[in-house]
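Undergrad: File name protein.tsv; file contents TSV, C-alpha atoms; full text below.
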chain	number	residue	atom	x	y	z
A	878	MET	CA	172.67	16.35	-207.59
A	879	LEU	CA	171.23	13.94	-210.16
A	880	ALA	CA	173.02	16.06	-212.75
A	881	ASP	CA	176.32	14.78	-211.28
A	882	LEU	CA	175.43	11.40	-212.79
A	883	ALA	CA	175.07	12.73	-216.34
A	884	GLY	CA	176.57	10.40	-218.93
A	885	LYS	CA	177.55	7.73	-216.39
A	886	LYS	CA	176.73	4.04	-216.19
A	887	VAL	CA	174.36	3.82	-213.24
A	888	LEU	CA	173.08	0.83	-211.28
A	889	LEU	CA	169.74	1.15	-209.47
A	890	LEU	CA	169.06	-1.17	-206.54
A	891	GLN	CA	165.85	-1.16	-204.47
A	892	GLY	CA	163.49	1.80	-204.39
A	893	PRO	CA	160.25	2.34	-202.48
A	894	ALA	CA	157.14	0.35	-203.40
A	895	GLY	CA	155.76	2.05	-206.49
A	896	PRO	CA	156.99	3.63	-209.74
A	897	PHE	CA	159.49	6.05	-208.16
A	898	PHE	CA	162.65	4.33	-209.43
A	899	TRP	CA	161.15	3.85	-212.89
A	900	ARG	CA	160.71	7.63	-213.01
A	901	VAL	CA	164.24	8.18	-211.68
A	902	ALA	CA	165.60	5.92	-214.46
A	903	ARG	CA	163.66	7.87	-217.07
A	904	HIS	CA	165.19	11.10	-215.79
A	905	LEU	CA	168.69	9.59	-215.74
A	906	ARG	CA	168.36	8.43	-219.33
A	907	LYS	CA	167.50	12.00	-220.32
A	908	LEU	CA	170.83	12.95	-218.76
A	909	GLY	CA	172.58	10.47	-221.03
A	910	CYS	CA	173.01	7.72	-218.42
A	911	ASP	CA	173.24	4.03	-219.22
A	912	VAL	CA	170.91	2.55	-216.57
A	913	THR	CA	170.85	-0.98	-215.13
A	914	LYS	CA	168.24	-2.02	-212.54
A	915	VAL	CA	168.42	-5.01	-210.21
A	916	ASN	CA	165.07	-6.50	-209.19
A	917	PHE	CA	164.95	-8.68	-206.08
A	918	ASN	CA	161.28	-9.75	-206.04
A	919	SER	CA	158.17	-9.81	-208.20
A	920	GLY	CA	156.84	-6.64	-206.58
A	921	GLU	CA	159.73	-4.80	-208.22
A	922	ASP	CA	158.99	-6.57	-211.52
A	923	LEU	CA	155.49	-5.07	-211.34
A	924	TYR	CA	156.79	-1.50	-211.25
A	925	TYR	CA	160.03	-1.77	-213.19
A	926	ARG	CA	160.30	-3.74	-216.43
A	927	GLY	CA	162.63	-3.43	-219.40
A	928	PRO	CA	165.74	-4.84	-221.06
A	929	GLU	CA	167.97	-3.12	-218.50
A	930	VAL	CA	166.53	-5.22	-215.62
A	931	VAL	CA	168.70	-7.89	-214.00
A	932	ARG	CA	166.78	-10.27	-211.74
A	933	TYR	CA	168.68	-11.49	-208.71
A	934	GLN	CA	167.23	-14.79	-207.53
A	935	GLY	CA	170.09	-15.96	-205.32
A	936	SER	CA	170.73	-15.87	-201.58
A	937	PHE	CA	171.81	-12.98	-199.41
A	938	HIS	CA	175.13	-14.79	-198.85
A	939	ASP	CA	175.89	-14.81	-202.59
A	940	TRP	CA	174.67	-11.26	-203.22
A	941	PRO	CA	178.01	-9.37	-202.69
A	942	SER	CA	179.83	-11.57	-205.22
A	943	PHE	CA	176.97	-11.23	-207.73
A	944	PHE	CA	176.94	-7.47	-207.18
A	945	GLN	CA	180.69	-7.14	-207.77
A	946	GLU	CA	180.55	-9.24	-210.93
A	947	LEU	CA	177.71	-7.09	-212.27
A	948	ILE	CA	179.60	-3.90	-211.46
A	949	GLU	CA	182.71	-5.08	-213.26
A	950	GLN	CA	180.93	-6.63	-216.26
A	951	ARG	CA	178.92	-3.49	-217.00
A	952	SER	CA	181.60	-0.98	-215.93
A	953	ILE	CA	179.16	0.62	-213.49
A	954	GLN	CA	180.37	3.98	-212.23
A	955	ALA	CA	177.65	4.88	-209.69
A	956	VAL	CA	175.17	2.96	-207.54
A	957	VAL	CA	171.81	4.54	-206.62
A	958	LEU	CA	169.53	3.12	-203.92
A	959	PHE	CA	166.73	4.11	-201.55
A	960	GLY	CA	167.58	3.72	-197.86
A	961	ASP	CA	171.13	2.75	-196.88
A	962	CYS	CA	170.28	0.52	-193.89
A	963	ARG	CA	168.57	-2.35	-195.72
A	964	PRO	CA	170.79	-5.46	-195.41
A	965	LEU	CA	171.08	-5.87	-199.19
A	966	HIS	CA	172.06	-2.24	-199.53
A	967	ARG	CA	174.59	-2.31	-196.67
A	968	ALA	CA	176.36	-5.25	-198.33
A	969	ALA	CA	176.32	-3.49	-201.71
A	970	ILE	CA	177.62	-0.22	-200.26
A	971	GLU	CA	180.57	-1.95	-198.60
A	972	ARG	CA	181.50	-3.73	-201.83
A	973	ALA	CA	180.99	-0.59	-203.96
A	974	ARG	CA	183.29	1.41	-201.71
A	975	HIS	CA	185.91	-1.33	-201.95
A	976	LEU	CA	185.65	-1.08	-205.75
A	977	GLY	CA	185.85	2.73	-205.70
A	978	ARG	CA	182.36	3.34	-207.10
A	979	ASP	CA	180.22	6.34	-206.20
A	980	ILE	CA	177.16	5.77	-204.01
A	981	PHE	CA	174.04	7.93	-204.05
A	982	VAL	CA	171.22	7.40	-201.57
A	983	PHE	CA	167.59	8.49	-201.60
A	984	GLU	CA	165.66	8.74	-198.35
A	985	GLU	CA	162.29	10.01	-197.25
A	986	GLY	CA	162.89	13.73	-196.81
A	987	TYR	CA	164.18	14.46	-193.32
A	988	LEU	CA	165.10	18.12	-193.84
A	989	ARG	CA	162.03	19.59	-195.57
A	990	PRO	CA	158.41	18.40	-195.88
A	991	ASP	CA	157.27	17.24	-199.33
A	992	PHE	CA	160.84	16.53	-200.45
A	993	VAL	CA	162.88	13.37	-200.94
A	994	THR	CA	166.44	13.56	-199.62
A	995	PHE	CA	169.25	12.61	-202.03
A	996	GLU	CA	172.85	12.51	-200.81
A	997	LYS	CA	176.19	11.14	-201.89
A	998	ASP	CA	177.67	8.36	-199.71
A	999	GLY	CA	174.84	8.07	-197.16
A	1000	VAL	CA	171.87	9.53	-195.29
A	1001	ASN	CA	170.81	10.01	-191.68
A	1002	GLY	CA	173.63	8.75	-189.43
A	1003	TYR	CA	175.79	8.04	-192.49
A	1004	SER	CA	175.22	11.51	-193.93
A	1005	SER	CA	178.14	13.77	-194.81
A	1006	ILE	CA	176.08	16.89	-194.03
A	1007	PRO	CA	178.42	19.17	-192.03
A	1008	GLN	CA	177.70	19.31	-188.29
A	1009	THR	CA	179.79	22.38	-187.50
A	1010	PRO	CA	177.88	25.62	-186.82
A	1011	ALA	CA	180.55	27.69	-188.59
A	1012	PHE	CA	179.71	26.06	-191.91
A	1013	TYR	CA	176.08	27.22	-191.74
A	1014	ARG	CA	176.83	30.69	-190.43
A	1015	GLY	CA	178.87	31.35	-193.56
A	1016	LEU	CA	176.42	29.70	-195.93
A	1017	ASN	CA	174.26	31.67	-198.36
A	1018	MET	CA	171.55	29.32	-199.63
A	1019	GLY	CA	169.73	31.94	-201.65
A	1020	ARG	CA	166.03	31.52	-202.24
A	1021	LEU	CA	164.89	27.93	-201.81
A	1022	PRO	CA	162.26	26.54	-204.19
A	1023	GLU	CA	158.73	26.39	-202.91
A	1024	PRO	CA	157.65	22.84	-202.04
A	1025	VAL	CA	155.05	21.14	-204.18
A	1026	PRO	CA	152.72	19.30	-201.75
A	1027	VAL	CA	152.06	15.65	-202.56
A	1028	LYS	CA	148.30	15.14	-202.60
A	1029	HIS	CA	146.79	11.97	-201.14
A	1030	ALA	CA	150.28	10.78	-200.22
A	1031	PHE	CA	149.18	8.19	-197.67
A	1032	LEU	CA	146.53	6.70	-199.97
A	1033	LYS	CA	148.97	6.44	-202.87
A	1034	SER	CA	151.62	4.88	-200.65
A	1035	ALA	CA	149.12	2.39	-199.25
A	1036	VAL	CA	147.90	1.33	-202.72
A	1037	HIS	CA	151.44	0.87	-204.04
A	1038	THR	CA	152.47	-1.07	-200.94
A	1039	ILE	CA	149.47	-3.39	-201.21
A	1040	CYS	CA	150.11	-4.07	-204.90
A	1041	TYR	CA	153.83	-4.58	-204.34
A	1042	ALA	CA	153.34	-6.96	-201.42
A	1043	THR	CA	150.55	-8.93	-203.06
A	1044	VAL	CA	152.48	-9.55	-206.28
A	1045	ALA	CA	155.67	-10.39	-204.34
A	1046	ALA	CA	153.71	-13.01	-202.36
A	1047	MET	CA	151.88	-14.46	-205.37
A	1048	PHE	CA	155.04	-14.97	-207.38
A	1049	ARG	CA	157.40	-15.78	-204.53
A	1050	PRO	CA	158.59	-19.01	-206.25
A	1051	LEU	CA	160.37	-16.81	-208.82
A	1052	TYR	CA	162.55	-15.41	-206.01
A	1053	PRO	CA	162.53	-18.26	-203.45
A	1054	GLN	CA	165.48	-17.03	-201.38
A	1055	TYR	CA	164.48	-13.37	-201.10
A	1056	GLN	CA	163.99	-11.91	-197.62
A	1057	HIS	CA	162.51	-8.43	-197.38
A	1058	HIS	CA	163.87	-5.99	-194.80
A	1059	ARG	CA	160.34	-5.64	-193.39
A	1060	ASP	CA	157.32	-7.89	-193.05
A	1061	ILE	CA	155.28	-7.47	-196.25
A	1062	ARG	CA	152.91	-10.45	-195.96
A	1063	PRO	CA	149.75	-8.91	-197.47
A	1064	PHE	CA	147.03	-10.60	-195.40
A	1065	HIS	CA	148.98	-10.22	-192.16
A	1066	GLN	CA	149.59	-6.53	-192.88
A	1067	ALA	CA	145.94	-6.00	-193.86
A	1068	GLY	CA	144.87	-7.31	-190.46
A	1069	LEU	CA	147.35	-5.07	-188.66
A	1070	TRP	CA	146.20	-1.94	-190.50
A	1071	LEU	CA	142.57	-2.81	-189.82
A	1072	LYS	CA	143.53	-2.89	-186.15
A	1073	SER	CA	145.28	0.45	-186.65
A	1074	GLY	CA	142.04	2.00	-187.92
A	1075	VAL	CA	140.17	0.80	-184.84
A	1076	ARG	CA	142.91	2.12	-182.56
A	1077	ARG	CA	142.89	5.49	-184.27
A	1078	SER	CA	139.15	5.87	-183.76
A	1079	PHE	CA	139.49	4.98	-180.09
A	1080	HIS	CA	142.51	7.23	-179.56
A	1081	THR	CA	140.82	10.18	-181.28
A	1082	VAL	CA	138.13	10.11	-178.59
A	1083	ARG	CA	140.60	9.37	-175.79
A	1084	ASP	CA	142.95	12.24	-176.74
A	1085	ARG	CA	140.28	14.83	-177.55
A	1086	ASP	CA	140.58	16.79	-174.30
A	1087	VAL	CA	144.39	16.79	-174.30
A	1088	ASN	CA	144.43	17.89	-177.94
A	1089	ARG	CA	142.05	20.75	-177.15
A	1090	ARG	CA	144.39	21.91	-174.41
A	1091	PHE	CA	147.36	21.74	-176.80
A	1092	LEU	CA	145.47	23.91	-179.27
A	1093	GLU	CA	144.42	26.38	-176.56
A	1094	GLY	CA	147.88	26.45	-174.98
A	1095	SER	CA	146.33	25.64	-171.60
A	1096	MET	CA	148.43	22.60	-170.63
A	1097	PRO	CA	150.53	22.71	-167.45
A	1098	PRO	CA	154.31	22.88	-168.05
A	1099	TYR	CA	155.36	19.76	-169.95
A	1100	PHE	CA	158.15	18.08	-171.88
A	1101	PHE	CA	157.31	16.32	-175.14
A	1102	VAL	CA	158.71	13.05	-176.49
A	1103	PRO	CA	157.74	12.02	-180.06
A	1104	LEU	CA	158.37	8.30	-180.50
A	1105	GLN	CA	159.68	6.69	-183.68
A	1106	VAL	CA	158.64	3.60	-185.62
A	1107	TYR	CA	160.00	0.54	-183.84
A	1108	LEU	CA	161.94	-0.64	-186.93
A	1109	ASP	CA	162.96	2.81	-188.15
A	1110	ALA	CA	166.35	2.75	-189.89
A	1111	GLN	CA	167.28	5.62	-187.56
A	1112	MET	CA	167.39	3.07	-184.75
A	1113	GLN	CA	170.70	1.89	-186.21
A	1114	HIS	CA	172.15	5.30	-185.42
A	1115	ALA	CA	171.34	5.25	-181.72
A	1116	ARG	CA	172.58	3.32	-178.69
A	1117	PHE	CA	169.12	1.92	-177.94
A	1118	ALA	CA	168.22	-1.56	-179.16
A	1119	THR	CA	164.48	-0.85	-178.83
A	1120	MET	CA	162.09	2.04	-178.28
A	1121	ASP	CA	161.33	0.55	-174.86
A	1122	GLU	CA	164.95	1.17	-173.80
A	1123	PHE	CA	164.70	4.77	-174.99
A	1124	ILE	CA	161.43	5.28	-173.10
A	1125	GLN	CA	162.87	3.78	-169.93
A	1126	GLU	CA	165.90	6.09	-169.96
A	1127	VAL	CA	163.80	9.20	-170.56
A	1128	VAL	CA	161.27	8.40	-167.82
A	1129	THR	CA	163.99	7.48	-165.30
A	1130	SER	CA	165.85	10.74	-165.87
A	1131	PHE	CA	162.62	12.79	-165.79
A	1132	ALA	CA	161.50	11.22	-162.51
A	1133	ARG	CA	164.82	11.96	-160.83
A	1134	HIS	CA	165.61	15.42	-162.14
A	1135	ALA	CA	162.62	17.27	-163.65
A	1136	PRO	CA	160.63	19.86	-161.67
A	1137	HIS	CA	157.80	18.12	-159.81
A	1138	ASP	CA	155.08	20.28	-161.37
A	1139	ASN	CA	156.07	19.30	-164.94
A	1140	LEU	CA	154.47	16.64	-167.12
A	1141	LEU	CA	156.16	14.21	-169.51
A	1142	ILE	CA	154.10	13.47	-172.64
A	1143	PHE	CA	154.94	10.66	-175.07
A	1144	LYS	CA	153.47	10.82	-178.59
A	1145	HIS	CA	152.95	7.57	-180.53
A	1146	HIS	CA	154.10	7.55	-184.16
A	1147	PRO	CA	151.10	7.13	-186.51
A	1148	MET	CA	152.96	4.67	-188.76
A	1149	ASP	CA	153.71	2.52	-185.72
A	1150	ARG	CA	150.06	2.30	-184.66
A	1151	PRO	CA	149.49	-1.18	-186.20
A	1152	TYR	CA	152.61	-2.66	-184.63
A	1153	ARG	CA	153.28	-1.32	-181.16
A	1154	ASP	CA	151.52	0.03	-178.09
A	1155	TYR	CA	153.66	1.25	-175.20
A	1156	SER	CA	150.85	1.59	-172.65
A	1157	SER	CA	152.02	-1.33	-170.51
A	1158	THR	CA	155.64	-0.15	-170.59
A	1159	LEU	CA	154.62	3.33	-169.44
A	1160	ASP	CA	152.27	1.93	-166.78
A	1161	GLN	CA	155.15	-0.09	-165.31
A	1162	LEU	CA	157.46	2.94	-165.34
A	1163	ARG	CA	154.72	5.12	-163.87
A	1164	ARG	CA	154.44	2.78	-160.88
A	1165	LEU	CA	158.18	2.15	-160.59
A	1166	HIS	CA	159.10	5.83	-160.42
A	1167	GLY	CA	155.97	7.15	-158.73
A	1168	VAL	CA	155.27	9.78	-161.39
A	1169	GLY	CA	151.53	9.02	-161.52
A	1170	ASP	CA	149.50	11.46	-163.62
A	1171	ARG	CA	152.62	13.37	-164.61
A	1172	LEU	CA	153.26	10.79	-167.34
A	1173	LEU	CA	150.92	10.92	-170.35
A	1174	TYR	CA	150.70	8.88	-173.56
A	1175	VAL	CA	148.92	10.38	-176.58
A	1176	ASP	CA	148.41	9.53	-180.23
A	1177	VAL	CA	145.93	11.63	-182.24
A	1178	ILE	CA	146.91	15.23	-181.51
A	1179	HIS	CA	147.96	18.37	-183.41
A	1180	LEU	CA	151.75	17.95	-183.40
A	1181	PRO	CA	152.78	21.57	-184.16
A	1182	SER	CA	150.72	22.85	-181.21
A	1183	ALA	CA	152.19	20.20	-178.90
A	1184	LEU	CA	155.74	21.13	-179.94
A	1185	ARG	CA	155.09	24.86	-179.74
A	1186	GLY	CA	153.77	24.69	-176.19
A	1187	ALA	CA	156.41	22.37	-174.71
A	1188	ARG	CA	159.21	23.43	-172.37
A	1189	GLY	CA	161.46	21.07	-174.32
A	1190	THR	CA	161.43	18.14	-176.72
A	1191	VAL	CA	163.39	14.91	-176.24
A	1192	VAL	CA	164.05	12.75	-179.31
A	1193	MET	CA	166.21	9.83	-180.27
A	1194	ASN	CA	167.02	11.29	-183.69
A	1195	SER	CA	163.55	11.94	-185.08
A	1196	THR	CA	162.96	14.66	-187.66
A	1197	ALA	CA	160.35	15.95	-185.23
A	1198	GLY	CA	163.36	17.53	-183.55
A	1199	LEU	CA	163.73	19.84	-186.55
A	1200	SER	CA	160.06	20.76	-186.27
A	1201	SER	CA	160.58	21.53	-182.60
A	1202	ILE	CA	163.50	23.82	-183.47
A	1203	HIS	CA	161.27	25.51	-186.07
A	1204	HIS	CA	158.73	26.25	-183.31
A	1205	GLY	CA	161.40	27.64	-180.99
A	1206	THR	CA	161.29	24.76	-178.50
A	1207	PRO	CA	164.60	23.42	-177.07
A	1208	VAL	CA	165.63	19.93	-178.22
A	1209	LYS	CA	167.71	17.18	-176.64
A	1210	CYS	CA	168.84	14.35	-178.97
A	1211	LEU	CA	169.77	10.97	-177.52
A	1212	GLY	CA	170.82	9.51	-180.88
A	1213	ASN	CA	172.88	10.58	-183.88
A	1214	ALA	CA	170.95	13.28	-185.77
A	1215	VAL	CA	172.22	15.50	-188.59
A	1216	TYR	CA	170.89	18.60	-186.81
A	1217	ASP	CA	172.38	17.79	-183.39
A	1218	MET	CA	174.96	20.57	-183.08
A	1219	PRO	CA	175.76	23.55	-180.82
A	1220	GLY	CA	173.37	26.41	-181.40
A	1221	LEU	CA	170.52	24.16	-182.53
A	1222	THR	CA	170.18	21.50	-179.84
A	1223	TYR	CA	171.08	21.16	-176.17
A	1224	GLN	CA	174.58	19.74	-175.78
A	1225	GLY	CA	174.47	18.91	-172.05
A	1226	SER	CA	173.12	15.77	-170.41
A	1227	LEU	CA	169.48	14.71	-170.34
A	1228	ASP	CA	169.48	15.05	-166.54
A	1229	GLU	CA	170.44	18.73	-166.92
A	1230	PHE	CA	168.03	19.35	-169.81
A	1231	TRP	CA	164.94	19.16	-167.57
A	1232	LEU	CA	166.29	22.11	-165.57
Written as structure tokens, that's how I'd like the structure from this file.
TA:
Amino acid sequence: MLADLAGKKVLLLQGPAGPFFWRVARHLRKLGCDVTKVNFNSGEDLYYRGPEVVRYQGSFHDWPSFFQELIEQRSIQAVVLFGDCRPLHRAAIERARHLGRDIFVFEEGYLRPDFVTFEKDGVNGYSSIPQTPAFYRGLNMGRLPEPVPVKHAFLKSAVHTICYATVAAMFRPLYPQYQHHRDIRPFHQAGLWLKSGVRRSFHTVRDRDVNRRFLEGSMPPYFFVPLQVYLDAQMQHARFATMDEFIQEVVTSFARHAPHDNLLIFKHHPMDRPYRDYSSTLDQLRRLHGVGDRLLYVDVIHLPSALRGARGTVVMNSTAGLSSIHHGTPVKCLGNAVYDMPGLTYQGSLDEFWL
């Protein structure tokens, strides 16, 4: 789809921490594009420098007007960004649509592992991916390219994030009004991830027996619920304000309608380990609904085995739902997911899904 931008004047907004957008720009220039990049903080200056860079040092309130003026001055034809739920990006998308400009959005790949998703107009809940089964039944995709695994992905991401956050903090006076869409204070985040490492070690020991039973396929009948990161952009495409609300609805329905010999197992998201722990929430719900040992909370387990052995998987709109479908396990979505359609996921109520 990048080829659709060939020869156009393209504006790049924010990308992920690291050199990804610098590489995208290099590829676009090979396609004959005239590229402009807006930097919003010094972390972006670290990874993207050049005469095409415009530094925005104003307020969020003034950003839409600045964006429109830049679009018109440089005759921008297409806007490219990473993640369409960041406040700066939402404001830009609304103004770009008003001006009739094309919008292209990158996102962490939610359809295939080791890929980045790239769509026109929006991703996730804003995606234009068809959700009618007839479209896919008549579709001939041909042979898909083999994925190229990204080696040491977490380590690379961590290093880039640390460098980005540290430089953004050190040179904050250059962008005094900038507010990031997430907390990137370097020392605060370092402390949280140190805590995450301790938690992981503890949870590895705690979950060892349950993980062994997942691998052996010796668990009693159970339903599986993979949780999402508490500030996941996907949360904006669901009716739940917090993960706690989602958990409460799932446990309440399970307690009232699921077979009494079934378990309900919640899986913590590894990227949420530094920030949230739902033990107290689940303890309260366990007592409130009298489900006792039928309600489990795990972290360090082999996810494919857990999905493969489950009677069903309940998600908000996590891509783990696609993995569950891959393993032949029924899925119930409680949020807006691109794969939530007849023939792939359960279309009845959650209360009925347990049965």
Undergrad: Of the candidates A:Asp998, A:Trp1070, A:Asp991, A:Tyr933, which one gets nearest to A:Gly960 if we count all atoms listed in the file?
TA: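 Smallest distance to A:Gly960 is found for A:Asp998.
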Undergrad: Please provide as a VMD selection string all residues within 10 Å of A:Glu1229, with the sequence filter that same-chain residues fewer than 2 positions apart are discarded (counting all atoms listed in the file).
TA: chain A and resid 1130 to 1131 1134 to 1135 1223 to 1227 1231 to 1232
Undergrad: Grab the atom CA of A:Gln954 to atom CA of A:Arg972 distance for me, in Å with one decimal place.
TA: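 Between atom CA of A:Gln954 and atom CA of A:Arg972 the gap works out to 13.0 Å.
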Undergrad: To one decimal place, how far is atom CA of A:Asp1060 from atom CA of A:Val1175 in Å?
TA: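 Atom CA of A:Val1175 lies at a distance of 26.0 Å from atom CA of A:Asp1060.
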Undergrad: List every residue of stretch 1138-1204 of chain A that has an atom at most 6 Å from any atom of stretch 1101-1107 of chain A, giving for each one its closest atom pair and the distance in Å to one decimal, counting all atoms listed in the file, sorted by chain and then by ascending residue number, as JSON lines.
TA:
{"residue": "A:Ile1142", "atom": "CA", "partner": "A:Phe1101", "partner_atom": "CA", "distance": 5.0}
{"residue": "A:Phe1143", "atom": "CA", "partner": "A:Val1102", "partner_atom": "CA", "distance": 4.7}
{"residue": "A:Lys1144", "atom": "CA", "partner": "A:Pro1103", "partner_atom": "CA", "distance": 4.7}
{"residue": "A:His1145", "atom": "CA", "partner": "A:Leu1104", "partner_atom": "CA", "distance": 5.5}
{"residue": "A:His1146", "atom": "CA", "partner": "A:Gln1105", "partner_atom": "CA", "distance": 5.7}
{"residue": "A:Asp1149", "atom": "CA", "partner": "A:Val1106", "partner_atom": "CA", "distance": 5.0}
{"residue": "A:Thr1190", "atom": "CA", "partner": "A:Phe1101", "partner_atom": "CA", "distance": 4.8}
{"residue": "A:Val1191", "atom": "CA", "partner": "A:Val1102", "partner_atom": "CA", "distance": 5.0}
Undergrad: Quick one: of A:Tyr1013, A:Tyr1174, A:Phe1117, A:Phe898, who's nearest to A:Ser1157, counting all atoms listed in the file?
TA: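 Ranking A:Tyr1013, A:Tyr1174, A:Phe1117, A:Phe898 by distance to A:Ser1157, first place goes to A:Tyr1174.
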